[in-house]
>>> print(open('start-v8.txt').read())   # compact mmCIF, C-alpha atoms
# COMPACT_ATOMS: atom_id res chain seq x y z
CA MET A 1178 4.91 -5.29 11.22
CA VAL A 1179 5.27 -1.79 12.67
CA ARG A 1180 2.94 0.10 14.95
CA VAL A 1181 1.26 3.39 14.01
CA PRO A 1182 0.70 5.13 17.35
CA ARG A 1183 -1.93 7.57 16.10
CA LEU A 1184 -4.00 4.77 14.56
CA GLY A 1185 -3.50 2.37 17.45
CA ARG A 1186 -2.76 -0.54 15.14
CA ALA A 1187 0.07 -2.43 13.49
CA VAL A 1188 0.64 -2.30 9.74
CA SER A 1189 2.97 -3.98 7.29
CA ALA A 1190 6.49 -2.59 7.20
CA ILE A 1191 6.19 -2.47 3.44
CA GLY A 1192 3.68 -0.19 1.74
CA PHE A 1193 2.07 -0.54 -1.66
CA GLY A 1194 2.70 2.54 -3.81
CA CYS A 1195 -0.11 3.36 -6.24
CA ALA A 1196 1.50 6.18 -8.22
CA SER A 1197 1.30 4.21 -11.50
CA LEU A 1198 -2.09 2.57 -10.91
CA GLY A 1199 -4.27 3.50 -13.88
CA SER A 1200 -1.48 5.04 -15.96
CA ARG A 1201 1.54 2.80 -16.52
CA ILE A 1202 -0.32 -0.06 -14.82
CA SER A 1203 -3.68 -1.12 -16.24
CA ALA A 1204 -6.77 -1.40 -14.06
CA ALA A 1205 -6.84 -5.21 -14.39
CA ASP A 1206 -3.15 -5.70 -13.58
CA GLY A 1207 -3.42 -3.26 -10.69
CA HIS A 1208 -6.44 -5.04 -9.23
CA ARG A 1209 -4.67 -8.40 -9.32
CA ALA A 1210 -1.55 -6.95 -7.70
CA ILE A 1211 -3.45 -5.25 -4.88
CA VAL A 1212 -5.46 -8.39 -4.10
CA ARG A 1213 -2.27 -10.47 -4.09
CA ALA A 1214 -0.50 -7.99 -1.83
CA LEU A 1215 -3.45 -8.04 0.59
CA ASP A 1216 -3.40 -11.84 0.60
CA LEU A 1217 0.30 -11.76 1.52
CA GLY A 1218 -0.22 -9.33 4.39
CA VAL A 1219 0.45 -5.88 2.91
CA SER A 1220 -1.80 -3.42 4.70
CA TRP A 1221 -0.43 0.08 3.88
CA PHE A 1222 -1.56 1.61 0.59
CA ASP A 1223 -0.26 4.98 -0.60
CA VAL A 1224 -2.27 6.96 -3.14
CA ALA A 1225 -3.11 10.55 -4.11
CA PRO A 1226 -5.61 12.37 -6.37
CA PRO A 1227 -3.09 12.87 -9.24
CA TYR A 1228 -1.76 9.31 -9.19
CA GLY A 1229 -2.46 7.09 -12.18
CA ASP A 1230 -3.54 10.09 -14.26
CA GLY A 1231 -6.26 10.70 -11.67
CA HIS A 1232 -7.59 7.10 -11.64
CA ALA A 1233 -5.59 5.49 -8.83
CA GLU A 1234 -7.90 6.33 -5.92
CA ALA A 1235 -10.95 4.83 -7.60
CA LEU A 1236 -9.06 1.72 -8.71
CA LEU A 1237 -7.61 1.20 -5.25
CA GLY A 1238 -11.05 1.57 -3.70
CA GLN A 1239 -12.47 -1.05 -6.06
CA ALA A 1240 -9.70 -3.51 -5.24
CA LEU A 1241 -10.22 -3.03 -1.49
CA ARG A 1242 -13.98 -3.50 -1.65
CA GLY A 1243 -15.06 -5.95 1.04
CA ARG A 1244 -11.62 -5.80 2.69
CA ARG A 1245 -11.42 -2.16 3.73
CA ASP A 1246 -10.74 -3.11 7.35
CA LYS A 1247 -7.56 -4.93 6.26
CA ALA A 1248 -6.03 -1.80 4.75
CA VAL A 1249 -4.63 1.51 5.91
CA ILE A 1250 -5.05 4.11 3.18
CA CYS A 1251 -2.87 7.18 2.98
CA THR A 1252 -4.10 9.71 0.45
CA LYS A 1253 -3.17 13.32 0.02
CA PHE A 1254 -4.27 16.86 -0.75
CA GLY A 1255 -2.51 19.81 -2.30
CA ILE A 1256 -1.89 18.58 -5.85
CA ALA A 1257 -4.93 18.26 -8.08
CA ALA A 1258 -5.46 15.44 -10.57
CA PRO A 1259 -4.04 16.15 -14.06
CA GLN A 1260 -6.34 17.00 -16.92
CA LEU A 1261 -5.53 14.65 -19.80
CA SER A 1262 -6.41 15.43 -23.37
CA LEU A 1263 -8.43 12.95 -25.41
CA ALA A 1264 -5.30 12.13 -27.43
CA ALA A 1265 -3.34 11.35 -24.27
CA ARG A 1266 -6.07 9.03 -23.02
CA LEU A 1267 -6.22 7.22 -26.37
CA ILE A 1268 -2.49 6.55 -26.58
CA ARG A 1269 -2.18 5.40 -22.96
CA PRO A 1270 -2.68 1.64 -23.72
CA ALA A 1271 -0.06 1.77 -26.50
CA ALA A 1272 2.39 3.60 -24.23
CA ARG A 1273 1.77 1.03 -21.49
CA GLN A 1274 2.58 -1.80 -23.90
CA ALA A 1275 5.72 -0.04 -25.13
CA VAL A 1276 7.06 0.29 -21.58
CA ALA A 1277 6.22 -3.36 -20.86
CA THR A 1278 8.14 -4.42 -23.97
CA PHE A 1279 11.05 -2.03 -23.48
CA PRO A 1280 11.50 -1.41 -19.69
CA SER A 1281 14.28 1.10 -20.41
CA LEU A 1282 11.56 3.50 -21.56
CA ARG A 1283 10.06 3.63 -18.06
CA ARG A 1284 12.04 6.63 -16.87
CA VAL A 1285 11.27 8.54 -20.06
CA ALA A 1286 7.57 7.75 -19.72
CA SER A 1287 7.58 8.80 -16.07
CA THR A 1288 9.10 12.19 -16.80
CA ALA A 1289 6.61 12.78 -19.63
CA ARG A 1290 3.57 11.87 -17.54
CA PRO A 1291 1.38 14.76 -16.28
CA THR A 1292 1.75 15.12 -12.52
CA GLY A 1293 -1.15 17.37 -11.64
CA THR A 1294 -1.47 21.01 -10.72
CA HIS A 1295 0.92 22.12 -7.97
CA ALA A 1296 0.19 25.48 -6.34
CA PRO A 1297 0.15 27.01 -2.84
CA ILE A 1298 -2.44 25.18 -0.76
CA ASP A 1299 -5.71 27.04 -0.26
CA PRO A 1300 -7.24 25.92 3.07
CA ALA A 1301 -10.72 26.49 1.61
CA THR A 1302 -10.18 23.69 -0.93
CA ILE A 1303 -9.02 20.96 1.45
CA GLU A 1304 -12.37 19.61 2.56
CA ALA A 1305 -13.60 19.38 -1.04
CA SER A 1306 -10.44 17.45 -1.97
CA VAL A 1307 -11.00 15.05 0.92
CA THR A 1308 -14.67 14.60 0.02
CA ASN A 1309 -13.68 13.75 -3.55
CA SER A 1310 -11.10 11.25 -2.29
CA LEU A 1311 -13.64 9.58 0.00
CA ARG A 1312 -16.01 9.24 -2.94
CA SER A 1313 -13.32 7.88 -5.26
CA LEU A 1314 -12.03 5.41 -2.69
CA GLY A 1315 -15.53 4.27 -1.77
CA THR A 1316 -14.90 4.70 1.94
CA ASP A 1317 -16.21 6.90 4.72
CA TYR A 1318 -12.84 7.60 6.34
CA ILE A 1319 -9.20 8.14 5.41
CA ASP A 1320 -6.66 6.58 7.74
CA VAL A 1321 -3.86 9.03 6.95
CA LEU A 1322 -4.27 12.34 5.13
CA ALA A 1323 -1.00 13.82 3.89
CA MET A 1324 -0.20 17.34 2.77
CA HIS A 1325 1.29 16.63 -0.67
CA ASP A 1326 4.73 18.14 -1.31
CA PRO A 1327 4.06 21.43 0.48
CA ALA A 1328 6.31 24.43 0.60
CA ALA A 1329 7.63 25.16 4.08
CA GLY A 1330 5.16 28.04 4.41
CA ASP A 1331 2.21 25.73 3.78
CA ALA A 1332 3.58 23.11 6.17
CA GLU A 1333 3.45 25.61 9.04
CA ASN A 1334 0.22 27.37 8.01
CA ASP A 1335 -2.16 27.52 10.99
CA GLU A 1336 -5.24 27.81 8.78
CA ILE A 1337 -4.47 24.50 7.07
CA PHE A 1338 -4.19 22.71 10.38
CA VAL A 1339 -7.47 24.21 11.60
CA VAL A 1340 -9.16 22.55 8.62
CA LEU A 1341 -7.36 19.27 9.29
CA ARG A 1342 -8.52 19.33 12.91
CA ARG A 1343 -12.09 19.83 11.73
CA LEU A 1344 -11.81 16.87 9.34
CA ILE A 1345 -10.56 14.68 12.19
CA ASP A 1346 -13.44 15.85 14.39
CA LYS A 1347 -15.89 14.94 11.63
CA GLY A 1348 -14.42 11.45 11.41
CA TYR A 1349 -13.24 11.88 7.84
CA VAL A 1350 -9.55 11.59 8.75
CA ARG A 1351 -7.72 9.70 11.48
CA ALA A 1352 -4.09 10.86 11.20
CA VAL A 1353 -2.18 13.72 9.57
CA SER A 1354 1.03 13.49 7.59
CA ILE A 1355 3.42 15.76 5.74
CA ALA A 1356 4.53 14.08 2.50
CA GLY A 1357 7.35 16.14 1.10
CA ALA A 1358 10.88 17.40 1.47
CA PRO A 1359 12.67 17.25 4.83
CA ASP A 1360 12.73 21.07 5.06
CA SER A 1361 8.91 21.20 4.99
CA ILE A 1362 8.63 18.42 7.55
CA ILE A 1363 11.04 20.24 9.84
CA ALA A 1364 9.14 23.52 9.40
CA ALA A 1365 5.85 21.89 10.41
CA ILE A 1366 7.19 20.11 13.48
CA ARG A 1367 9.31 23.01 14.71
CA SER A 1368 6.24 25.22 14.55
CA ALA A 1369 4.47 22.69 16.83
CA LYS A 1370 2.00 21.46 14.22
CA PRO A 1371 0.29 18.15 15.05
CA VAL A 1372 2.03 15.92 12.51
CA ASP A 1373 1.61 12.20 13.17
CA ILE A 1374 3.63 10.87 10.24
CA ALA A 1375 6.42 12.22 8.03
CA GLN A 1376 6.68 10.84 4.49
CA PHE A 1377 9.70 11.58 2.34
CA PRO A 1378 12.09 10.10 -0.25
CA ASP A 1379 15.04 8.30 1.31
CA THR A 1380 17.89 6.76 -0.68
CA PRO A 1381 21.56 5.90 -0.14
CA LEU A 1382 22.43 9.06 -2.06
CA ALA A 1383 20.21 11.34 0.03
CA ASN A 1384 19.87 9.59 3.40
CA ALA A 1385 17.11 11.86 4.64
CA ALA A 1386 15.99 9.73 7.60
CA PRO A 1387 19.12 10.28 9.74
CA LEU A 1388 19.03 13.98 8.85
CA LEU A 1389 15.49 14.31 10.21
CA ARG A 1390 16.29 12.30 13.32
CA SER A 1391 19.24 14.58 14.04
CA ARG A 1392 17.22 17.77 13.60
CA LEU A 1393 13.98 16.79 15.33
CA PRO A 1394 14.06 16.02 19.06
CA ALA A 1395 10.90 13.88 18.85
CA PRO A 1396 10.39 12.86 15.24
CA PRO A 1397 7.07 11.37 14.15
CA MET A 1398 6.72 7.98 12.52
CA PHE A 1399 8.53 7.82 9.16
CA VAL A 1400 7.16 6.56 5.85
CA THR A 1401 9.87 6.49 3.22
CA HIS A 1402 9.83 5.91 -0.51
CA GLY A 1403 11.84 6.31 -3.70
CA VAL A 1404 14.69 3.89 -3.01
CA PHE A 1405 14.27 2.26 -6.44
CA ASP A 1406 13.60 5.59 -8.20
CA SER A 1407 16.99 7.04 -7.35
CA ASP A 1408 20.34 6.67 -9.09
CA ALA A 1409 21.61 4.50 -6.26
CA ALA A 1410 21.50 1.20 -8.19
CA GLU A 1411 23.52 2.80 -11.01
CA ALA A 1412 25.98 4.24 -8.49
CA ILE A 1413 26.44 0.77 -6.96
CA ALA A 1414 26.89 -0.80 -10.40
CA ARG A 1415 29.57 1.76 -11.29
CA ARG A 1416 31.75 0.81 -8.32
CA ASP A 1417 34.58 -1.48 -9.40
CA GLY A 1418 37.79 -2.87 -8.03
CA ALA A 1419 38.34 -2.16 -4.34
CA ALA A 1420 35.18 -0.02 -4.14
CA ARG A 1421 33.06 -2.91 -5.42
CA ASP A 1422 34.80 -5.35 -3.09
CA ARG A 1423 34.02 -3.08 -0.17
CA ILE A 1424 30.31 -3.04 -1.00
CA VAL A 1425 30.25 -6.83 -1.37
CA ALA A 1426 32.02 -7.19 1.98
CA ILE A 1427 29.59 -4.83 3.71
CA ALA A 1428 26.63 -6.73 2.30
CA GLY A 1429 28.12 -10.10 3.28
CA HIS A 1430 28.79 -8.88 6.82
CA HIS A 1431 25.09 -8.09 7.14
CA GLY A 1432 23.95 -11.36 5.58
CA ILE A 1433 22.96 -9.84 2.22
CA ASP A 1434 23.79 -11.44 -1.13
CA ALA A 1435 25.34 -8.76 -3.34
CA SER A 1436 26.30 -11.10 -6.18
CA LYS A 1437 23.24 -10.43 -8.32
CA ALA A 1438 21.62 -7.09 -9.16
CA PRO A 1439 22.76 -3.89 -7.40
CA SER A 1440 19.10 -3.19 -6.66
CA ASP A 1441 19.13 -6.18 -4.26
CA LEU A 1442 20.89 -3.90 -1.78
CA LEU A 1443 18.29 -1.15 -1.91
CA LEU A 1444 15.41 -2.65 0.05
CA PRO A 1445 17.70 -3.80 2.89
CA PHE A 1446 19.04 -0.24 2.94
CA ALA A 1447 15.50 1.19 3.13
CA PHE A 1448 14.44 -1.03 6.02
CA SER A 1449 17.73 -0.49 7.83
CA ASN A 1450 17.36 3.28 7.49
CA ASN A 1451 13.70 3.21 8.59
CA PRO A 1452 13.41 0.22 10.95
CA GLU A 1453 10.31 1.40 12.82
CA GLY A 1454 8.38 2.85 9.89
CA VAL A 1455 6.89 1.93 6.53
CA VAL A 1456 8.83 1.66 3.27
CA ILE A 1457 6.71 2.28 0.15
CA VAL A 1458 7.53 0.60 -3.13
CA SER A 1459 5.69 0.10 -6.40
CA MET A 1460 5.14 -3.63 -6.87
CA PHE A 1461 2.68 -4.65 -9.54
CA ASN A 1462 4.69 -7.61 -10.86
CA PRO A 1463 3.80 -10.82 -8.92
CA ALA A 1464 7.46 -11.77 -8.55
CA HIS A 1465 8.30 -8.31 -7.25
CA ILE A 1466 5.48 -8.49 -4.70
CA GLU A 1467 6.79 -11.73 -3.24
CA ARG A 1468 10.42 -10.58 -3.29
CA ASN A 1469 9.61 -7.28 -1.61
CA ILE A 1470 7.45 -8.87 1.07
CA ALA A 1471 10.22 -11.38 1.80
CA ALA A 1472 12.62 -8.47 2.28
CA ALA A 1473 10.13 -6.77 4.60
CA THR A 1474 9.78 -9.83 6.81
CA ALA A 1475 13.54 -10.02 7.44
CA LEU A 1476 14.75 -8.12 10.47
CA PRO A 1477 16.27 -4.72 9.63
CA LYS A 1478 20.07 -4.82 9.40
CA PRO A 1479 21.45 -2.40 12.03
CA GLY A 1480 24.34 -0.42 10.64
CA PHE A 1481 23.90 -1.54 7.04
CA ALA A 1482 22.41 1.74 5.79
CA ALA A 1483 25.22 3.86 7.24
CA ALA A 1484 27.89 1.47 5.94
CA LEU A 1485 26.43 1.43 2.41
CA ARG A 1486 26.17 5.21 2.34
CA ASP A 1487 29.81 5.53 3.42
CA ALA A 1488 30.83 3.14 0.66
CA LEU A 1489 28.95 5.25 -1.86
CA ALA A 1490 30.44 8.55 -0.68
CA PRO A 1491 32.55 8.88 -3.88
CA ALA A 1492 29.33 8.58 -5.92
CA LEU A 1493 27.90 11.50 -3.95
CA ALA A 1494 30.96 13.56 -4.83
CA GLU A 1495 30.48 12.71 -8.52
CA LYS A 1496 26.91 14.04 -8.62
CA PRO A 1497 26.58 17.39 -10.44
>>> encode(input="start-v8.txt", output="structure tokens")
Amino acid sequence: MVRVPRLGRAVSAIGFGCASLGSRISAADGHRAIVRALDLGVSWFDVAPPYGDGHAEALLGQALRGRRDKAVICTKFGIAAPQLSLAARLIRPAARQAVATFPSLRRVASTARPTGTHAPIDPATIEASVTNSLRSLGTDYIDVLAMHDPAAGDAENDEIFVVLRRLIDKGYVRAVSIAGAPDSIIAAIRSAKPVDIAQFPDTPLANAAPLLRSRLPAPPMFVTHGVFDSDAAEAIARRDGAARDRIVAIAGHHGIDASKAPSDLLLPFAFSNNPEGVVIVSMFNPAHIERNIAAATALPKPGFAAALRDALAPALAEKP
């Protein structure tokens, strides 16, 4: 468990990512996974209007019905839900089955999926977006409202934060986050904006968390994601000979079994790199839920993240 100062409560160190809920993941499978995750103690749920082809917020709200007090919901504004054609909606079940049968198609399907309309954030549209999210989620408050992948100019826009302050005063929102690139997070905090939480992708090949800590004198709480979406597992798998032996030795020194899949190193990296925050992963498979929660309950491995990144330094040099 980790504490969220702005909310005055503890939450699970692992967060449930809902980006595929309603698109790659069916409503029924998603409902079962969310209920199971709740039963096992997961309390942080990450969603946004465009997730799941625009269905994720409503499906999450349905799964949390009667248990809203057990969950912290982070939703977002700034990217509108995608508009799917009738043909796209009709082929969705077939595409879902194809990915289930051939998991190697997942990355192709992800890149082909509509991601919503991304444009400069208009402060006048924020409250309407939040109202729509409240309605979809079936709740009267949002624990954490995140600015979704903003440009640096949006992240330091005074007018946006005036609206966010008003939403907090109305009781619609309890905490504010920037969910985006480190440069936008830095722009917001250096311009003295009231950011409670910073959400960003963090992988062994990017290592954004230490960068932000080094550039922000008083960084907010971190929520990280994307460790399984990166090329890190492939980079680990490509190491051979002495390079592979070094990774195995590093893992063994920190009590981690590196004899199976390279991806087994990624969650320990994520928790080591963000020991006082939340790590978001997508986990709709029952076995994945239990494995990920087990990883979250283990104490973070001090020094493991830095050691793994050093061992992968040649992979960084190979990137185009």
>>> residues_around(input="start-v8.txt", residues="Gly1199 in chain A", least_positions_apart="3", cutoff="12 Å", atoms="only C-alpha atoms", output="JSON, numbers by chain")
{"A": [1195, 1196, 1202, 1203, 1204, 1205, 1206, 1207, 1208, 1224, 1226, 1227, 1228, 1229, 1230, 1231, 1232, 1233, 1234, 1235, 1236, 1237, 1266, 1269, 1270, 1273, 1461]}
>>> write_last_selection(input="start-v8.txt", atoms="C-alpha atoms", output="mmCIF file, keeping the file's coordinate frame")
data_model
loop_
_atom_site.group_PDB
_atom_site.id
_atom_site.type_symbol
_atom_site.label_atom_id
_atom_site.label_comp_id
_atom_site.auth_asym_id
_atom_site.auth_seq_id
_atom_site.Cartn_x
_atom_site.Cartn_y
_atom_site.Cartn_z
ATOM 1 C CA CYS A 1195 -0.110 3.360 -6.240
ATOM 2 C CA ALA A 1196 1.500 6.180 -8.220
ATOM 3 C CA ILE A 1202 -0.320 -0.060 -14.820
ATOM 4 C CA SER A 1203 -3.680 -1.120 -16.240
ATOM 5 C CA ALA A 1204 -6.770 -1.400 -14.060
ATOM 6 C CA ALA A 1205 -6.840 -5.210 -14.390
ATOM 7 C CA ASP A 1206 -3.150 -5.700 -13.580
ATOM 8 C CA GLY A 1207 -3.420 -3.260 -10.690
ATOM 9 C CA HIS A 1208 -6.440 -5.040 -9.230
ATOM 10 C CA VAL A 1224 -2.270 6.960 -3.140
ATOM 11 C CA PRO A 1226 -5.610 12.370 -6.370
ATOM 12 C CA PRO A 1227 -3.090 12.870 -9.240
ATOM 13 C CA TYR A 1228 -1.760 9.310 -9.190
ATOM 14 C CA GLY A 1229 -2.460 7.090 -12.180
ATOM 15 C CA ASP A 1230 -3.540 10.090 -14.260
ATOM 16 C CA GLY A 1231 -6.260 10.700 -11.670
ATOM 17 C CA HIS A 1232 -7.590 7.100 -11.640
ATOM 18 C CA ALA A 1233 -5.590 5.490 -8.830
ATOM 19 C CA GLU A 1234 -7.900 6.330 -5.920
ATOM 20 C CA ALA A 1235 -10.950 4.830 -7.600
ATOM 21 C CA LEU A 1236 -9.060 1.720 -8.710
ATOM 22 C CA LEU A 1237 -7.610 1.200 -5.250
ATOM 23 C CA ARG A 1266 -6.070 9.030 -23.020
ATOM 24 C CA ARG A 1269 -2.180 5.400 -22.960
ATOM 25 C CA PRO A 1270 -2.680 1.640 -23.720
ATOM 26 C CA ARG A 1273 1.770 1.030 -21.490
ATOM 27 C CA PHE A 1461 2.680 -4.650 -9.540
#
>>> closest_residue(input="start-v8.txt", among="A:Ala1301, A:Ala1187, A:Ala1409, A:Leu1389", to="Ala1438 in chain A", atoms="only C-alpha atoms")
A:Ala1409
>>> atom_distance(input="start-v8.txt", atom1="CA of Pro1477 in chain A", atom2="CA of Ala1447 in chain A")
8.8 Å
>>> residues_around(input="start-v8.txt", residues="range 1311-1324 of chain A", least_positions_apart="5", cutoff="8 Å", atoms="only C-alpha atoms", output="PyMOL selection string")
chain A and resi 1184+1234-1239+1242+1245+1249-1255+1332+1348-1357
>>> atom_distance(input="start-v8.txt", atom1="CA of Pro1300 in chain A", atom2="CA of Ala1329 in chain A")
14.9 Å
>>> closest_residue(input="start-v8.txt", among="A:Leu1442, A:Ala1490, A:Ala1464, A:Val1455", to="Phe1222 in chain A", atoms="all atoms listed in the file")
A:Val1455
>>> residues_around(input="start-v8.txt", residues="range 1382-1386 of chain A", least_positions_apart="5", cutoff="8 Å", atoms="all atoms listed in the file", output="ChimeraX atom specification")
/A:1359,1377,1399,1407-1409,1450-1451,1486,1489,1492-1493
>>> write_last_selection(input="start-v8.txt", atoms="C-alpha atoms", output="PDB file, in the coordinates of the input")
ATOM      1  CA  PRO A1359      12.670  17.250   4.830  1.00  0.00           C
ATOM      2  CA  PHE A1377       9.700  11.580   2.340  1.00  0.00           C
ATOM      3  CA  PHE A1399       8.530   7.820   9.160  1.00  0.00           C
ATOM      4  CA  SER A1407      16.990   7.040  -7.350  1.00  0.00           C
ATOM      5  CA  ASP A1408      20.340   6.670  -9.090  1.00  0.00           C
ATOM      6  CA  ALA A1409      21.610   4.500  -6.260  1.00  0.00           C
ATOM      7  CA  ASN A1450      17.360   3.280   7.490  1.00  0.00           C
ATOM      8  CA  ASN A1451      13.700   3.210   8.590  1.00  0.00           C
ATOM      9  CA  ARG A1486      26.170   5.210   2.340  1.00  0.00           C
ATOM     10  CA  LEU A1489      28.950   5.250  -1.860  1.00  0.00           C
ATOM     11  CA  ALA A1492      29.330   8.580  -5.920  1.00  0.00           C
ATOM     12  CA  LEU A1493      27.900  11.500  -3.950  1.00  0.00           C
TER      13      LEU A1493
END
>>> atom_distance(input="start-v8.txt", atom1="CA of Ile1362 in chain A", atom2="CA of Ala1375 in chain A")
6.6 Å
>>> residues_around(input="start-v8.txt", residues="range 1418-1426 of chain A", least_positions_apart="6", cutoff="12 Å", atoms="all atoms listed in the file", output="list in words")
Ala1412, Gly1432, Ile1433, Asp1434, Ala1435, Ser1436, Lys1437, Ala1438, Pro1439, Asp1441, Leu1442, Phe1481, Ala1482, Ala1483, Ala1484, Leu1485, Arg1486, Asp1487, Ala1488, Leu1489, Ala1490, Pro1491 and Ala1492 of chain A
>>> closest_residue(input="start-v8.txt", among="A:Met1398, A:Val1340, A:Lys1247, A:Ser1197", to="Ala1214 in chain A", atoms="only C-alpha atoms")
A:Lys1247
>>> closest_residue(input="start-v8.txt", among="A:Leu1476, A:Ile1298, A:Ile1363, A:Ala1358", to="Ile1337 in chain A", atoms="all atoms listed in the file")
A:Ile1298
>>> closest_residue(input="start-v8.txt", among="A:Gln1376, A:Ser1449, A:Ser1200, A:Ser1361", to="Pro1327 in chain A", atoms="only C-alpha atoms")
A:Ser1361
